[in-house]
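Right, one structure below, let's go through it.
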Amino acid sequence: MNKLKLVVLFFLVLGCSTAKDQPLVNAHAHNDYEHRSPLFGALENKFISVEVDVHLIDDNLYVSHDTPISKDLTKTLEALYLKPLLNRVDKNKGEVYTGYEGYFYLMIDIKTEAAPSYSVLKNILKDYHSIISSVVNGVEEKGKPIKIVVTGMKGRPFRKILDDEPKLVSIDGRLAELGKGISKEIMPFISENYNNHLSFSGEGKPSKKDLNTIARIVGATHSEGKMLRFWASKDNPQVWEFLLRNNVDLINTDSLVQFRKYIRNRTN
């Protein structure tokens with residue numbers, strides 16, 4: 001094989017390897033803590049966003065969907081997510097994924113009373129300021145790879161986050177909160193229940209009504225520079241494709257390996 005062919009082969013292999021190693025910018029791990037390997041499974045599959053439910057018990061935040069029956073210190077927000085992320089960022093010289101300039105989003109769904117839970121969360125996060133991008137006087141800190149986003153049906157201490165300065169966390173918004181003058185730095189996402197707006201389950205083709213609805217919601221969200229996510233959507237490739245084709249930014253999935261394979265095949 002001559003030198004020219006060797007050079008071409010080298011760059012082809014390099015290109016394939018680089019594409020394979022790229023983070024999945026549309027991938028959100030719903031209820032990530034329920035997987036066999038919380039956080040690490042999402043990282044292995046190159047997800048850029050994970051969601052975790054927390055419960056406040058005696059000044060600590062425990063990770064669980066339902067109220068924990070015991071205080072297992074191996075299952076706190078720090079033990080399962082913050083400490084491993086700090087170690088990874090230190091090891092990778094300031095990055096979650098080497099060479100990736102976007103944020104890794106840690107979405108925290110507060111399941112207990114919002115105000116006291118948020119107070120404890122802020123206190124915990126002070127020890128991780130070196131890796132968390134805060135918003136100071138409306139300006140997002142640069143050079144820090146992780147963004148904390150508080151979500152939930154009842155656990156968003158909305159006004160407290162808006163009033164805090166600096167802001168260690170941002171808000172997972174709702175459609176009704178568009179047009180309120182809240183910047184994308186403070187509210188990077190708009191998240192909605194899929195079933196409140198759309199009916200496509202993956203069978204047949206999306207209806208005209210669904211196509212019009214998703215176009216309207218995407219347009220309204222993107223007009224403010226925010227990203228869109230639906231929860232409670234059917235977790236299958238047909239719905240993933242419907243959402244991606246219509247410019248939804250984050251795909252809510254419990255199927256980490258399957259979604260990674262789907263995206264890799266889709267982009268090849």
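As shown in the structure tokens, the chain order sets the letters A, B, ...; within each chain, residues go from 1, and ligands are also counted from 1 in the order they appear.
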Problem set entry | Long-range neighbours of range 109-122 of chain A as number ranges by chain, 12 Å cut-off, only C-alpha atoms, 3 positions minimum in chain | A: 30-33, 50-68, 76-78, 82, 106, 125-129, 132, 134, 148-161, 164-172
Writing out the chosen residues with C-alpha atoms as an mmCIF file, in the first residue's frame:
```cif
data_model
loop_
_atom_site.group_PDB
_atom_site.id
_atom_site.type_symbol
_atom_site.label_atom_id
_atom_site.label_comp_id
_atom_site.auth_asym_id
_atom_site.auth_seq_id
_atom_site.Cartn_x
_atom_site.Cartn_y
_atom_site.Cartn_z
ATOM 1 C CA HIS A 30 -34.864 10.240 32.296
ATOM 2 C CA ASN A 31 -34.794 8.909 35.887
ATOM 3 C CA ASP A 32 -31.123 8.123 35.407
ATOM 4 C CA TYR A 33 -30.716 6.814 38.956
ATOM 5 C CA VAL A 50 -29.323 13.272 33.234
ATOM 6 C CA GLU A 51 -32.328 13.611 35.507
ATOM 7 C CA VAL A 52 -32.407 12.676 39.168
ATOM 8 C CA ASP A 53 -35.183 12.800 41.783
ATOM 9 C CA VAL A 54 -34.196 13.922 45.283
ATOM 10 C CA HIS A 55 -35.849 13.876 48.707
ATOM 11 C CA LEU A 56 -34.808 16.041 51.640
ATOM 12 C CA ILE A 57 -34.257 14.023 54.832
ATOM 13 C CA ASP A 58 -32.372 15.522 57.805
ATOM 14 C CA ASP A 59 -30.396 18.082 55.831
ATOM 15 C CA ASN A 60 -29.338 15.727 53.072
ATOM 16 C CA LEU A 61 -30.703 15.017 49.601
ATOM 17 C CA TYR A 62 -31.350 11.343 48.887
ATOM 18 C CA VAL A 63 -31.825 10.016 45.380
ATOM 19 C CA SER A 64 -35.024 8.033 44.896
ATOM 20 C CA HIS A 65 -38.286 8.121 42.977
ATOM 21 C CA ASP A 66 -40.334 7.570 46.124
ATOM 22 C CA THR A 67 -39.583 8.585 49.691
ATOM 23 C CA PRO A 68 -36.594 6.471 50.835
ATOM 24 C CA THR A 76 -27.254 10.791 48.108
ATOM 25 C CA LEU A 77 -27.015 13.416 45.380
ATOM 26 C CA GLU A 78 -23.377 13.954 46.290
ATOM 27 C CA LEU A 82 -21.697 15.401 42.322
ATOM 28 C CA LEU A 106 -27.637 17.691 35.827
ATOM 29 C CA LEU A 125 -23.443 22.932 45.635
ATOM 30 C CA LYS A 126 -21.061 25.441 47.226
ATOM 31 C CA ASP A 127 -18.479 22.652 47.422
ATOM 32 C CA TYR A 128 -18.742 22.098 43.665
ATOM 33 C CA HIS A 129 -18.487 25.673 42.477
ATOM 34 C CA ILE A 132 -20.724 24.351 38.050
ATOM 35 C CA SER A 134 -23.363 29.952 37.757
ATOM 36 C CA ILE A 148 -27.548 22.421 37.317
ATOM 37 C CA VAL A 149 -31.211 22.658 36.293
ATOM 38 C CA VAL A 150 -34.011 22.402 38.849
ATOM 39 C CA THR A 151 -37.132 20.728 37.520
ATOM 40 C CA GLY A 152 -40.281 19.069 38.860
ATOM 41 C CA MET A 153 -44.011 19.481 39.057
ATOM 42 C CA LYS A 154 -44.054 21.010 42.548
ATOM 43 C CA GLY A 155 -40.423 21.290 43.620
ATOM 44 C CA ARG A 156 -39.221 24.264 41.617
ATOM 45 C CA PRO A 157 -38.576 27.164 44.012
ATOM 46 C CA PHE A 158 -39.248 29.462 41.085
ATOM 47 C CA ARG A 159 -39.155 32.876 42.731
ATOM 48 C CA LYS A 160 -36.228 32.026 45.003
ATOM 49 C CA ILE A 161 -34.082 31.009 42.034
ATOM 50 C CA ASP A 164 -30.880 34.632 44.100
ATOM 51 C CA GLU A 165 -27.619 36.328 43.177
ATOM 52 C CA PRO A 166 -25.456 34.672 42.077
ATOM 53 C CA LYS A 167 -27.526 31.758 40.773
ATOM 54 C CA LEU A 168 -25.953 28.350 41.304
ATOM 55 C CA VAL A 169 -28.851 26.674 39.508
ATOM 56 C CA SER A 170 -31.116 27.401 36.576
ATOM 57 C CA ILE A 171 -34.793 26.601 36.000
ATOM 58 C CA ASP A 172 -36.484 24.017 33.811
#
```
Determine, for each residue of range 114-139 of chain A having at least one atom at most 8 Å from an atom of range 185-191 of chain A, the closest pair of atoms and their separation in Å to one decimal, counting only C-alpha atoms; order by chain and ascending number, as a Markdown table.
```
| residue | atom | partner | partner_atom | distance |
| --- | --- | --- | --- | --- |
| A:Val135 | CA | A:Glu185 | CA | 6.9 |
| A:Gly138 | CA | A:Glu185 | CA | 7.4 |
| A:Val139 | CA | A:Glu185 | CA | 7.4 |
```
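Counting only C-alpha atoms, the residue from A:Leu244, A:Val239, A:Ile263, A:Leu43 that sits nearest to Glu203 in chain A is A:Val239.
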For this session: Between A:His197, A:Glu192, A:Leu39, A:Ser49, single out the one closest to Lys209 in chain A, counting only C-alpha atoms.
Result: A:His197
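Among the candidates A:Ala42, A:Leu162, A:Gly225, A:Gly102, the residue lying nearest to Ser133 in chain A is A:Gly102 (atoms considered: only C-alpha atoms).
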For this session: Once DSSP has gone over the backbone, tell me which residues of range 82-179 of chain A are in helix (DSSP H, G or I), as a ChimeraX atom specification.
Result: /A:82-91,114-128,158-163,175-177
Exercise. Which is closer to Asp21 in chain A than all the others in A:Phe40, A:Phe242, A:Phe259, A:Tyr97, using only C-alpha atoms?
Worked result: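 Closest residue, counting only C-alpha atoms: A:Tyr97.
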